[in-house]
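Structure file data32.csv; described as CSV, C-alpha atoms.
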```csv
chain,number,residue,atom,x,y,z
V,1,MET,CA,78.8,-37.3,-111.5
V,2,ASN,CA,76.3,-35.8,-109.1
V,3,GLU,CA,79.1,-34.4,-107.0
V,4,ILE,CA,79.6,-31.5,-109.4
V,5,VAL,CA,76.3,-30.0,-108.2
V,6,ASN,CA,75.6,-29.2,-104.5
V,7,VAL,CA,73.0,-31.1,-102.6
V,8,GLY,CA,70.6,-28.1,-102.2
V,9,ILE,CA,70.5,-27.4,-105.9
V,10,ARG,CA,70.0,-31.0,-106.7
V,11,SER,CA,67.0,-31.0,-104.4
V,12,GLN,CA,65.6,-27.9,-106.0
V,13,MET,CA,66.1,-29.4,-109.4
V,14,ALA,CA,64.1,-32.5,-108.4
V,15,ASN,CA,61.3,-30.6,-106.9
V,16,ALA,CA,61.0,-27.9,-109.6
V,17,SER,CA,61.2,-30.2,-112.6
V,18,TRP,CA,57.5,-31.0,-113.1
V,19,ILE,CA,56.5,-28.0,-115.2
V,20,ARG,CA,59.6,-28.0,-117.4
V,21,ARG,CA,59.5,-31.8,-117.7
V,22,MET,CA,56.0,-31.6,-119.2
V,23,PHE,CA,56.9,-28.6,-121.3
V,24,GLU,CA,59.9,-30.4,-122.8
V,25,THR,CA,57.8,-33.5,-123.3
V,26,GLY,CA,55.4,-31.3,-125.3
V,27,ILE,CA,58.2,-30.0,-127.5
V,28,GLU,CA,59.3,-33.6,-128.3
V,29,LEU,CA,55.8,-34.7,-129.0
V,30,LYS,CA,55.1,-31.7,-131.3
V,31,GLN,CA,58.3,-32.4,-133.3
V,32,ARG,CA,57.4,-36.1,-133.6
V,33,LEU,CA,53.6,-35.9,-134.2
V,34,GLY,CA,53.1,-32.3,-135.4
V,35,ALA,CA,51.8,-29.4,-133.3
V,36,GLU,CA,48.2,-30.0,-134.3
V,37,SER,CA,48.3,-33.4,-132.6
V,38,VAL,CA,49.3,-32.1,-129.2
V,39,CYS,CA,47.3,-30.1,-126.7
V,40,ASP,CA,49.8,-28.4,-124.3
V,41,PHE,CA,48.5,-26.9,-121.1
V,42,SER,CA,51.7,-27.2,-119.2
V,43,LEU,CA,53.4,-23.8,-119.2
V,44,GLY,CA,52.0,-20.4,-118.2
V,45,ASN,CA,53.5,-18.5,-121.0
V,46,PRO,CA,51.2,-15.6,-122.0
V,47,ASP,CA,50.2,-15.7,-125.6
V,48,VAL,CA,47.6,-12.9,-125.8
V,49,PRO,CA,49.2,-10.0,-127.7
V,50,PRO,CA,50.5,-7.0,-125.8
V,51,PRO,CA,48.3,-3.9,-126.0
V,52,ALA,CA,48.0,-2.4,-129.4
V,53,ALA,CA,50.1,0.6,-128.4
V,54,ALA,CA,53.1,-1.6,-127.8
V,55,ALA,CA,54.2,-1.4,-131.5
V,56,ASP,CA,54.1,2.4,-131.5
V,57,ALA,CA,56.0,2.5,-128.2
V,58,LEU,CA,58.7,0.2,-129.5
V,59,ARG,CA,59.1,2.4,-132.6
V,60,ALA,CA,59.4,5.5,-130.4
V,61,LEU,CA,62.0,3.7,-128.2
V,62,ALA,CA,64.1,2.8,-131.3
V,63,THR,CA,64.7,6.5,-131.9
V,64,ILE,CA,65.5,7.2,-128.2
V,65,ALA,CA,67.8,4.2,-127.8
V,66,VAL,CA,70.4,5.6,-130.3
V,67,ARG,CA,71.1,8.5,-128.0
V,68,PRO,CA,74.3,8.2,-125.9
V,69,LEU,CA,73.8,5.9,-123.0
V,70,GLY,CA,70.3,5.1,-124.3
V,71,LEU,CA,71.1,1.4,-123.6
V,72,GLY,CA,73.6,2.0,-120.8
V,73,TYR,CA,73.3,1.4,-117.1
V,74,VAL,CA,70.5,3.1,-115.2
V,75,PRO,CA,70.0,3.4,-111.5
V,76,ASN,CA,69.8,0.0,-109.8
V,77,ALA,CA,66.4,0.8,-108.4
V,78,GLY,CA,65.0,1.6,-111.8
V,79,ILE,CA,64.5,4.5,-114.3
V,80,PRO,CA,63.4,7.5,-112.1
V,81,SER,CA,60.5,8.6,-114.3
V,82,PHE,CA,59.2,5.0,-114.4
V,83,ARG,CA,59.4,4.7,-110.6
V,84,ALA,CA,57.5,7.9,-110.2
V,85,LYS,CA,54.7,6.8,-112.6
V,86,LEU,CA,54.6,3.3,-111.1
V,87,ALA,CA,54.3,4.8,-107.6
V,88,ARG,CA,51.2,6.7,-108.6
V,89,LYS,CA,49.6,3.6,-110.1
V,90,LEU,CA,50.4,1.5,-107.0
V,91,THR,CA,49.1,4.3,-104.8
V,92,SER,CA,45.7,3.7,-106.5
V,93,GLU,CA,45.9,-0.1,-106.4
V,94,GLN,CA,47.2,-0.4,-102.8
V,95,GLN,CA,45.3,2.5,-101.3
V,96,VAL,CA,48.5,3.7,-99.5
V,97,ALA,CA,50.3,6.9,-100.5
V,98,LEU,CA,53.6,5.9,-102.2
V,99,ASP,CA,56.4,8.0,-103.6
V,100,ALA,CA,59.0,6.9,-106.2
V,101,LYS,CA,61.4,6.1,-103.3
V,102,HIS,CA,59.1,3.4,-102.1
V,103,VAL,CA,59.2,1.5,-105.4
V,104,LEU,CA,62.0,-0.6,-106.8
V,105,VAL,CA,62.0,-1.9,-110.4
V,106,THR,CA,63.3,-5.5,-110.6
V,107,CYS,CA,63.9,-8.3,-113.0
V,108,GLY,CA,60.3,-9.6,-112.8
V,109,ALA,CA,58.5,-10.6,-109.6
V,110,ALA,CA,60.9,-13.5,-109.3
V,111,GLY,CA,63.8,-11.0,-109.1
V,112,ALA,CA,62.0,-9.0,-106.6
V,113,LEU,CA,61.4,-12.0,-104.3
V,114,THR,CA,65.0,-13.2,-104.7
V,115,ALA,CA,66.5,-9.8,-103.9
V,116,PHE,CA,64.1,-9.3,-100.9
V,117,PHE,CA,65.0,-12.7,-99.4
V,118,ARG,CA,68.7,-12.0,-99.8
V,119,ALA,CA,68.3,-8.8,-97.9
V,120,VAL,CA,66.2,-10.2,-94.9
V,121,LEU,CA,66.9,-13.9,-94.4
V,122,GLU,CA,69.2,-15.6,-92.0
V,123,PRO,CA,69.9,-19.4,-92.2
V,124,ASP,CA,67.0,-21.5,-91.2
V,125,ASP,CA,64.5,-18.7,-91.3
V,126,GLU,CA,61.0,-20.0,-92.3
V,127,ILE,CA,58.7,-18.7,-95.0
V,128,VAL,CA,55.2,-19.8,-94.3
V,129,CYS,CA,52.8,-20.0,-97.3
V,130,PRO,CA,49.5,-21.6,-98.3
V,131,ALA,CA,49.7,-24.7,-100.5
V,132,PRO,CA,49.4,-25.2,-103.4
V,133,TYR,CA,52.1,-22.6,-104.2
V,134,PHE,CA,54.3,-21.6,-107.1
V,135,VAL,CA,56.9,-24.3,-107.2
V,136,GLU,CA,60.0,-22.1,-107.2
V,137,TYR,CA,59.2,-20.3,-103.9
V,138,GLY,CA,61.3,-22.9,-102.1
V,139,ALA,CA,64.3,-22.1,-104.4
V,140,TYR,CA,63.9,-18.4,-104.0
V,141,CYS,CA,64.3,-18.5,-100.3
V,142,GLY,CA,66.4,-21.7,-100.2
V,143,HIS,CA,69.3,-20.0,-102.0
V,144,PHE,CA,69.8,-17.9,-98.8
V,145,GLY,CA,69.2,-20.6,-96.1
V,146,GLY,CA,65.5,-20.0,-95.9
V,147,VAL,CA,63.0,-22.9,-95.5
V,148,LEU,CA,59.6,-22.9,-97.1
V,149,LYS,CA,56.9,-24.1,-94.8
V,150,PRO,CA,53.6,-24.8,-96.7
V,151,VAL,CA,50.2,-25.0,-95.0
V,152,PRO,CA,47.6,-26.8,-97.1
V,153,ALA,CA,44.6,-24.6,-98.2
V,154,THR,CA,41.1,-25.9,-98.1
V,155,PRO,CA,39.6,-27.3,-101.4
V,156,PRO,CA,37.6,-26.8,-103.4
V,157,ASP,CA,38.1,-23.1,-103.4
V,158,PHE,CA,41.6,-23.2,-101.8
V,159,ARG,CA,41.1,-20.4,-99.3
V,160,PRO,CA,44.0,-20.2,-96.9
V,161,ASP,CA,43.6,-22.2,-93.7
V,162,LEU,CA,44.0,-19.4,-91.2
V,163,THR,CA,44.2,-21.7,-88.2
V,164,GLY,CA,46.8,-23.8,-89.9
V,165,LEU,CA,48.9,-20.7,-90.8
V,166,ASP,CA,48.6,-19.4,-87.3
V,167,ARG,CA,49.9,-22.7,-85.9
V,168,ALA,CA,52.7,-22.8,-88.4
V,169,ILE,CA,54.3,-19.6,-87.3
V,170,SER,CA,57.3,-20.1,-85.0
V,171,PRO,CA,60.1,-18.1,-83.6
V,172,ARG,CA,62.0,-18.8,-86.9
V,173,THR,CA,59.2,-17.4,-89.1
V,174,ARG,CA,60.4,-14.4,-91.2
V,175,ALA,CA,57.6,-14.0,-93.7
V,176,LEU,CA,54.1,-15.1,-94.6
V,177,LEU,CA,54.0,-15.3,-98.4
V,178,ILE,CA,50.7,-15.2,-100.3
V,179,ASN,CA,49.9,-15.3,-104.0
V,180,SER,CA,46.5,-13.8,-105.1
V,181,PRO,CA,45.3,-14.3,-107.8
V,182,ASN,CA,46.9,-17.7,-107.2
V,183,ASN,CA,49.0,-19.9,-109.4
V,184,PRO,CA,47.9,-22.7,-109.7
V,185,THR,CA,44.3,-22.4,-108.4
V,186,GLY,CA,43.1,-19.0,-109.7
V,187,CYS,CA,41.7,-18.2,-106.3
V,188,ILE,CA,41.5,-14.6,-105.2
V,189,TYR,CA,41.7,-13.9,-101.5
V,190,ASP,CA,38.8,-11.8,-100.4
V,191,ALA,CA,39.1,-8.7,-98.2
V,192,ALA,CA,37.9,-10.5,-95.0
V,193,THR,CA,40.5,-13.2,-95.4
V,194,LEU,CA,43.3,-10.7,-95.9
V,195,ARG,CA,42.2,-8.7,-92.9
V,196,ALA,CA,42.3,-11.8,-90.8
V,197,LEU,CA,45.9,-12.5,-92.1
V,198,GLY,CA,46.9,-8.9,-91.1
V,199,GLU,CA,45.4,-9.4,-87.6
V,200,LEU,CA,47.2,-12.7,-87.3
V,201,LEU,CA,50.5,-11.2,-88.1
V,202,ALA,CA,49.9,-8.2,-85.8
V,203,ARG,CA,49.4,-10.6,-82.9
V,204,HIS,CA,52.6,-12.5,-83.7
V,205,ASN,CA,54.7,-9.4,-84.4
V,206,ALA,CA,53.9,-7.9,-81.0
V,207,GLY,CA,57.1,-7.7,-79.1
V,208,ARG,CA,59.2,-9.4,-81.8
V,209,ALA,CA,62.7,-7.9,-82.5
V,210,ARG,CA,62.7,-9.5,-86.1
V,211,PRO,CA,59.2,-8.8,-87.6
V,212,ILE,CA,57.3,-11.2,-89.8
V,213,PHE,CA,56.8,-9.7,-93.2
V,214,LEU,CA,53.6,-10.1,-95.1
V,215,ILE,CA,54.6,-10.6,-98.8
V,216,ALA,CA,52.0,-10.5,-101.5
V,217,ASP,CA,53.1,-11.9,-104.9
V,218,GLU,CA,50.8,-10.3,-107.4
V,219,PRO,CA,51.9,-10.9,-111.0
V,220,TYR,CA,48.3,-11.8,-111.9
V,221,ARG,CA,46.6,-8.8,-110.2
V,222,THR,CA,45.0,-7.5,-113.4
V,223,LEU,CA,43.7,-10.9,-114.5
V,224,ALA,CA,40.5,-11.0,-112.5
V,225,TYR,CA,37.2,-12.2,-114.0
V,226,ASP,CA,33.5,-11.5,-113.4
V,227,ALA,CA,34.3,-8.1,-111.9
V,228,ALA,CA,36.2,-9.7,-109.0
V,229,GLN,CA,38.2,-7.3,-106.9
V,230,VAL,CA,41.8,-8.0,-105.8
V,231,PRO,CA,42.0,-6.2,-102.5
V,232,PRO,CA,45.0,-4.1,-101.5
V,233,VAL,CA,47.6,-5.7,-99.2
V,234,LEU,CA,49.9,-2.8,-98.1
V,235,PRO,CA,47.3,-1.4,-95.6
V,236,LEU,CA,47.1,-4.8,-93.7
V,237,SER,CA,50.5,-4.5,-91.9
V,238,PRO,CA,53.3,-2.0,-91.5
V,239,PHE,CA,55.5,-4.9,-92.6
V,240,ALA,CA,53.6,-5.5,-95.8
V,241,VAL,CA,55.6,-6.0,-99.1
V,242,VAL,CA,54.0,-6.3,-102.5
V,243,VAL,CA,55.8,-7.6,-105.6
V,244,GLY,CA,54.4,-7.8,-109.1
V,245,SER,CA,55.4,-7.7,-112.8
V,246,PHE,CA,54.2,-6.8,-116.3
V,247,SER,CA,54.7,-10.3,-117.6
V,248,LYS,CA,50.9,-11.1,-117.6
V,249,SER,CA,49.2,-7.7,-117.6
V,250,LEU,CA,51.2,-6.5,-120.7
V,251,SER,CA,52.3,-9.9,-122.1
V,252,LEU,CA,55.9,-8.9,-121.6
V,253,ALA,CA,57.1,-12.0,-119.8
V,254,GLY,CA,60.4,-12.2,-121.7
V,255,GLU,CA,61.3,-8.6,-120.9
V,256,ARG,CA,61.6,-9.4,-117.1
V,257,VAL,CA,60.2,-6.2,-115.7
V,258,GLY,CA,58.7,-6.3,-112.2
V,259,TYR,CA,58.6,-4.2,-109.0
V,260,LEU,CA,58.7,-4.3,-105.3
V,261,THR,CA,56.9,-1.8,-103.0
V,262,VAL,CA,56.5,-1.6,-99.3
V,263,ASN,CA,54.2,0.0,-96.7
V,264,PRO,CA,55.9,3.4,-96.0
V,265,ALA,CA,54.9,3.1,-92.3
V,266,MET,CA,57.4,0.2,-91.9
V,267,PRO,CA,60.0,1.0,-89.3
V,268,ASP,CA,63.4,1.5,-90.9
V,269,VAL,CA,61.7,1.4,-94.3
V,270,GLN,CA,64.5,3.2,-96.1
V,271,LEU,CA,67.1,0.8,-94.7
V,272,LEU,CA,65.1,-2.1,-96.2
V,273,LEU,CA,64.7,-0.4,-99.6
V,274,ASP,CA,68.4,0.4,-99.7
V,275,ALA,CA,69.3,-3.2,-98.8
V,276,VAL,CA,67.0,-4.6,-101.6
V,277,THR,CA,68.4,-2.1,-104.1
V,278,MET,CA,71.9,-3.4,-103.2
V,279,THR,CA,71.0,-7.1,-103.4
V,280,ASN,CA,69.2,-6.4,-106.7
V,281,ARG,CA,72.6,-5.2,-108.0
V,282,THR,CA,74.9,-7.7,-106.3
V,283,LEU,CA,72.9,-10.8,-107.2
V,284,GLY,CA,73.8,-9.9,-110.8
V,285,PHE,CA,70.6,-8.3,-111.9
V,286,VAL,CA,72.2,-4.8,-111.8
V,287,ASN,CA,69.1,-3.2,-113.2
V,288,ALA,CA,66.0,-4.4,-114.9
V,289,PRO,CA,66.2,-4.4,-118.7
V,290,VAL,CA,66.2,-0.8,-119.9
V,291,LEU,CA,64.0,-1.2,-123.0
V,292,GLY,CA,61.6,-3.3,-120.9
V,293,GLN,CA,61.4,-0.6,-118.3
V,294,ALA,CA,60.8,2.1,-120.9
V,295,LEU,CA,58.2,-0.1,-122.7
V,296,ALA,CA,56.3,-0.8,-119.4
V,297,GLU,CA,56.4,2.9,-118.6
V,298,ALA,CA,54.8,3.8,-122.0
V,299,LEU,CA,52.1,1.1,-121.5
V,300,LEU,CA,51.6,1.5,-117.8
V,301,ASP,CA,47.8,2.3,-118.0
V,302,ALA,CA,47.2,-0.3,-120.7
V,303,SER,CA,46.4,-4.0,-120.4
V,304,VAL,CA,46.0,-7.1,-122.5
V,305,ASP,CA,42.5,-8.0,-123.7
V,306,LEU,CA,41.1,-9.9,-120.7
V,307,ALA,CA,38.1,-11.0,-122.7
V,308,ILE,CA,40.3,-13.4,-124.6
V,309,TYR,CA,41.3,-15.2,-121.5
V,310,ASP,CA,37.8,-15.1,-120.2
V,311,ARG,CA,36.4,-16.9,-123.3
V,312,ARG,CA,39.1,-19.6,-122.9
V,313,ARG,CA,38.3,-19.9,-119.2
V,314,HIS,CA,34.7,-20.8,-120.0
V,315,ALA,CA,35.8,-23.1,-122.8
V,316,MET,CA,38.0,-25.0,-120.4
V,317,ALA,CA,35.3,-25.2,-117.8
V,318,GLN,CA,33.0,-26.7,-120.4
V,319,VAL,CA,35.6,-29.3,-121.4
V,320,LEU,CA,36.1,-30.3,-117.8
V,321,THR,CA,32.4,-30.4,-117.1
V,322,ASP,CA,31.7,-32.6,-120.1
V,323,ALA,CA,34.5,-35.0,-118.9
V,324,GLY,CA,33.0,-35.2,-115.4
V,325,ILE,CA,36.1,-33.7,-113.8
V,326,SER,CA,35.6,-31.8,-110.6
V,327,PHE,CA,36.9,-28.2,-110.4
V,328,SER,CA,36.4,-24.7,-109.1
V,329,LEU,CA,36.0,-22.0,-111.7
V,330,PRO,CA,39.1,-19.8,-111.3
V,331,GLN,CA,38.5,-16.2,-110.3
V,332,GLY,CA,41.8,-14.9,-111.7
V,333,ALA,CA,45.1,-15.8,-113.4
V,334,PHE,CA,45.0,-18.3,-116.3
V,335,TYR,CA,45.0,-21.7,-114.6
V,336,PHE,CA,42.6,-24.4,-113.5
V,337,PHE,CA,43.4,-26.8,-110.6
V,338,PRO,CA,41.0,-29.7,-110.9
V,339,ALA,CA,40.8,-32.8,-108.8
V,340,ALA,CA,42.4,-35.7,-110.5
V,341,PRO,CA,39.9,-38.5,-111.3
V,342,GLY,CA,40.9,-41.5,-109.1
V,343,GLY,CA,42.8,-39.3,-106.7
V,344,ASP,CA,46.3,-40.0,-108.2
V,345,ASP,CA,47.5,-36.8,-110.0
V,346,GLN,CA,50.5,-38.6,-111.6
V,347,ALA,CA,48.4,-41.4,-112.9
V,348,PHE,CA,45.8,-39.1,-114.4
V,349,VAL,CA,48.4,-36.8,-115.9
V,350,GLN,CA,49.9,-39.9,-117.5
V,351,ALA,CA,46.5,-40.8,-118.9
V,352,LEU,CA,46.2,-37.4,-120.4
V,353,LEU,CA,49.7,-37.7,-121.9
V,354,ASP,CA,48.5,-40.9,-123.5
V,355,GLU,CA,45.9,-38.7,-125.3
V,356,TYR,CA,48.7,-36.2,-126.2
V,357,ILE,CA,47.4,-33.7,-123.6
V,358,LEU,CA,50.0,-32.1,-121.3
V,359,ALA,CA,49.1,-31.1,-117.7
V,360,VAL,CA,51.2,-30.8,-114.5
V,361,PRO,CA,50.7,-33.0,-111.5
V,362,GLY,CA,49.5,-31.1,-108.4
V,363,ARG,CA,52.4,-32.5,-106.3
V,364,GLY,CA,54.6,-30.1,-108.3
V,365,PHE,CA,52.8,-27.3,-106.5
V,366,GLY,CA,52.9,-29.1,-103.1
V,367,PHE,CA,49.3,-30.4,-103.4
V,368,PRO,CA,48.9,-34.0,-104.7
V,369,GLY,CA,45.6,-35.2,-105.9
V,370,TYR,CA,45.0,-32.3,-108.2
V,371,PHE,CA,46.5,-31.2,-111.5
V,372,ARG,CA,47.2,-27.8,-113.2
V,373,LEU,CA,46.0,-26.7,-116.6
V,374,THR,CA,46.9,-23.4,-118.1
V,375,PHE,CA,44.5,-21.7,-120.5
V,376,CYS,CA,46.9,-19.2,-122.1
V,377,VAL,CA,46.6,-21.3,-125.3
V,378,ASP,CA,44.3,-20.8,-128.3
V,379,GLU,CA,40.7,-21.6,-127.7
V,380,ALA,CA,40.7,-24.1,-130.6
V,381,VAL,CA,43.4,-26.2,-128.7
V,382,ILE,CA,41.1,-26.3,-125.6
V,383,ARG,CA,38.1,-27.5,-127.6
V,384,ARG,CA,40.2,-30.0,-129.6
V,385,ALA,CA,41.3,-31.6,-126.3
V,386,ALA,CA,37.7,-32.3,-125.2
V,387,PRO,CA,37.5,-36.0,-126.4
V,388,GLY,CA,40.9,-36.8,-124.9
V,389,PHE,CA,39.9,-35.5,-121.5
V,390,GLN,CA,36.7,-37.6,-121.7
V,391,ARG,CA,38.6,-40.8,-122.6
V,392,ALA,CA,41.3,-40.2,-119.9
V,393,ALA,CA,38.7,-39.5,-117.2
V,394,ALA,CA,36.7,-42.6,-118.2
V,395,LYS,CA,39.6,-44.8,-117.3
V,396,PHE,CA,39.2,-43.9,-113.6
V,397,ARG,CA,35.5,-44.4,-113.2
```

Could you render the structure as C-alpha cells?
Amino acid sequence: MNEIVNVGIRSQMANASWIRRMFETGIELKQRLGAESVCDFSLGNPDVPPPAAAADALRALATIAVRPLGLGYVPNAGIPSFRAKLARKLTSEQQVALDAKHVLVTCGAAGALTAFFRAVLEPDDEIVCPAPYFVEYGAYCGHFGGVLKPVPATPPDFRPDLTGLDRAISPRTRALLINSPNNPTGCIYDAATLRALGELLARHNAGRARPIFLIADEPYRTLAYDAAQVPPVLPLSPFAVVVGSFSKSLSLAGERVGYLTVNPAMPDVQLLLDAVTMTNRTLGFVNAPVLGQALAEALLDASVDLAIYDRRRHAMAQVLTDAGISFSLPQGAFYFFPAAPGGDDQAFVQALLDEYILAVPGRGFGFPGYFRLTFCVDEAVIRRAAPGFQRAAAKFR
C-alpha cells in the first residue's frame, strides 16, 4: 500500500503530522464530549477579527468584481497597484528603498518560500536554520532536493546559536533561514543578533560563486508585544530576502496572500525576481487570489487588535506559572514554548490530553523536551484549562 506514495513524501508526512494530528484529535474530542469540554491549543489559526474596515472593503470589492475580468487572471507577480503600495510599506519596515518591481505577491509566506526554493536550489543544497523551527520548512525545500540543517537555539530565550550556525555552514549551504517573531517560541531576534548573522554570512559569501541567501520568514512581524521592535533584515546582506503574509496581521489566513521582497543591491536581482515570478506561476499558484490581494491592499495600513492577543498572552503566562511550568514570556507571535515537566514532551502532552487539553510536542518543531501552545483562542478557554495544567504537571513532580 505504501508504494503508491514516494519515500520523500512519506517521510515528510511522518515528520509534519504532529500539529494536524493533535488538531484532528481535538475535532474528535469536541464531537464526542462537546466543545466546552476541550481546550485546544494545537493550531495557530488566527481567531481575532480582521480590522473593522474589512467589511466595508468587501462590500466595495463586490461592486468591482462584477466588472469584466474582475475575477480573471492578474499578473503573476501581483496586482500592480498592490505591489506599488506594498513596496512603500516595506520600504518603511525594512529601511531599504524598494520599488514595486522588487516585490512579488504570493500565495502566503509558504508560497513565497516554495517558489523561491524552486528558483534557487540544486539537489542536496542545504538550508541552515535555528531550531525549533516551523515544521514544514523541511518540506518546502525538500520538494526540490534541498536538505534542512537545523542548529539548536539556546533555551530559555531561544536566541540563535551563532557559533553553531557558523559551524553548520558548508560548501553546500544555499540559505540561512530565520523566523522572527518565531513560531513556536515567540522569540524576536534583536538587532545585535541580526547584525552578527549578516557579518557571518558576509564572511562565508566572500569568494563564493553561489551565494548564501539570508531568508527572513516574517508572517508574525506585526505581532510584537511590550513595544518590542522587529529589526529590518534587508540591510544586513545584499543577498537578503524577506517573505511575509497578511494571515496574522489582518486575520486573512484563508485568503493566502503573502509577499517576497529582496535587497535591490543583490547582484542579478532582476534575474532572481523573474525566476521566482515564473516558479510562482509554474508551481500552479499562477497568482495569489485576486479578492485577497484587493482586500489586503485596501487594509494595508490596518491591523488586528493586538491588545486581545496580549491579554491572552498574560492569561496563559498566569496559567503556566500557577502550574509550576517553566517558560519564557513570548515577545511576539501567539505561541508559548514551555519546558515539558519531566523532560519528555510526548509524555507530558499525553498527560494534557488526558485532561482534554491539546498541545503539540516540541519534537514536532525539531526540539524535544518542550511543547507548543497557541493562544489564538478565547481567553475563557485559557482560564478554563488552568486546573488541567496543574493536574498534568503534578504527575511529573

Given the point (58.4, -7.7, -113.7) in the file's coordinates, find the residues that have an atom at most 8 Å from it, counting only C-alpha atoms, and give them as a PyMOL selection string. chain V and resi 105-111+219+244-247+253+255-259

For the contact check between stretch 19-99 of chain V and stretch 309-313 of chain V, emit one row per residue of stretch 19-99 of chain V within 10 Å, containing the shortest atom pair and the distance in Å rounded to one decimal, counting only C-alpha atoms, chain then rising number order, as CSV.
```
residue,atom,partner,partner_atom,distance
V:Pro46,CA,V:Tyr309,CA,9.9
V:Asp47,CA,V:Tyr309,CA,9.8
V:Val48,CA,V:Tyr309,CA,8.0
```

Tell me which of V:Val381, V:Ala209, V:Ala339, V:Leu352 sits closest to V:Pro368, counting all atoms listed in the file.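 Going through V:Val381, V:Ala209, V:Ala339, V:Leu352 one by one, the smallest distance to V:Pro368 is for V:Ala339.
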
Which residues are close to stretch 301-304 of chain V, i.e. within 6 Å by only C-alpha atoms, leaving aside same-chain residues fewer than 2 positions away? Reply as a ChimeraX atom specification. /V:50-51,249-250,299,306

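Once V:Tyr137 and its same-chain neighbours fewer than 2 positions away are set aside, Ala16, Ala110, Leu113, Thr114, Ile127, Cys129, Tyr133, Phe134, Val135, Ala139, Tyr140, Cys141, Gly142, Val147, Leu148, Leu177 and Phe365 of chain V remain within 10 Å of it when counting all atoms listed in the file.
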
Residue neighbourhood V:Phe367, 8 Å, only C-alpha atoms, exclusion window fewer than 4 positions, as an NGL selection string: :V and (131-132 or 152 or 362-363)

Got a sec: who's within 12 Å of V:Leu353, counting all atoms listed in the file, leaving out chain neighbours fewer than 2 positions off, as a count of residues only? 29

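Separating atom CA of V:Thr63 from atom CA of V:Gly78 is a distance of 20.7 Å.
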
Shell around V:Val120 at 12 Å using all atoms listed in the file, local window under 4 positions removed, as a PyMOL selection string: chain V and resi 113-116+124-127+141+144-146+173-175+210-213+271-276+279

Using all atoms listed in the file, can you tell me which of V:Val96, V:Leu43, V:Leu223, V:Leu121 comes closest to V:Pro238?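 Among V:Val96, V:Leu43, V:Leu223, V:Leu121, it is V:Val96 that comes nearest to V:Pro238.
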
Separation of atom CA of V:Gly284 from atom CA of V:Glu297, in Å and rounded to one decimal: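 Answer for the atom CA of V:Gly284 to atom CA of V:Glu297 separation: 23.0 Å.
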
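Shortest separation to V:Pro171 among V:Ala202, V:Leu104, V:Phe82, V:Arg208 occurs at residue V:Arg208, atoms counted being only C-alpha atoms.
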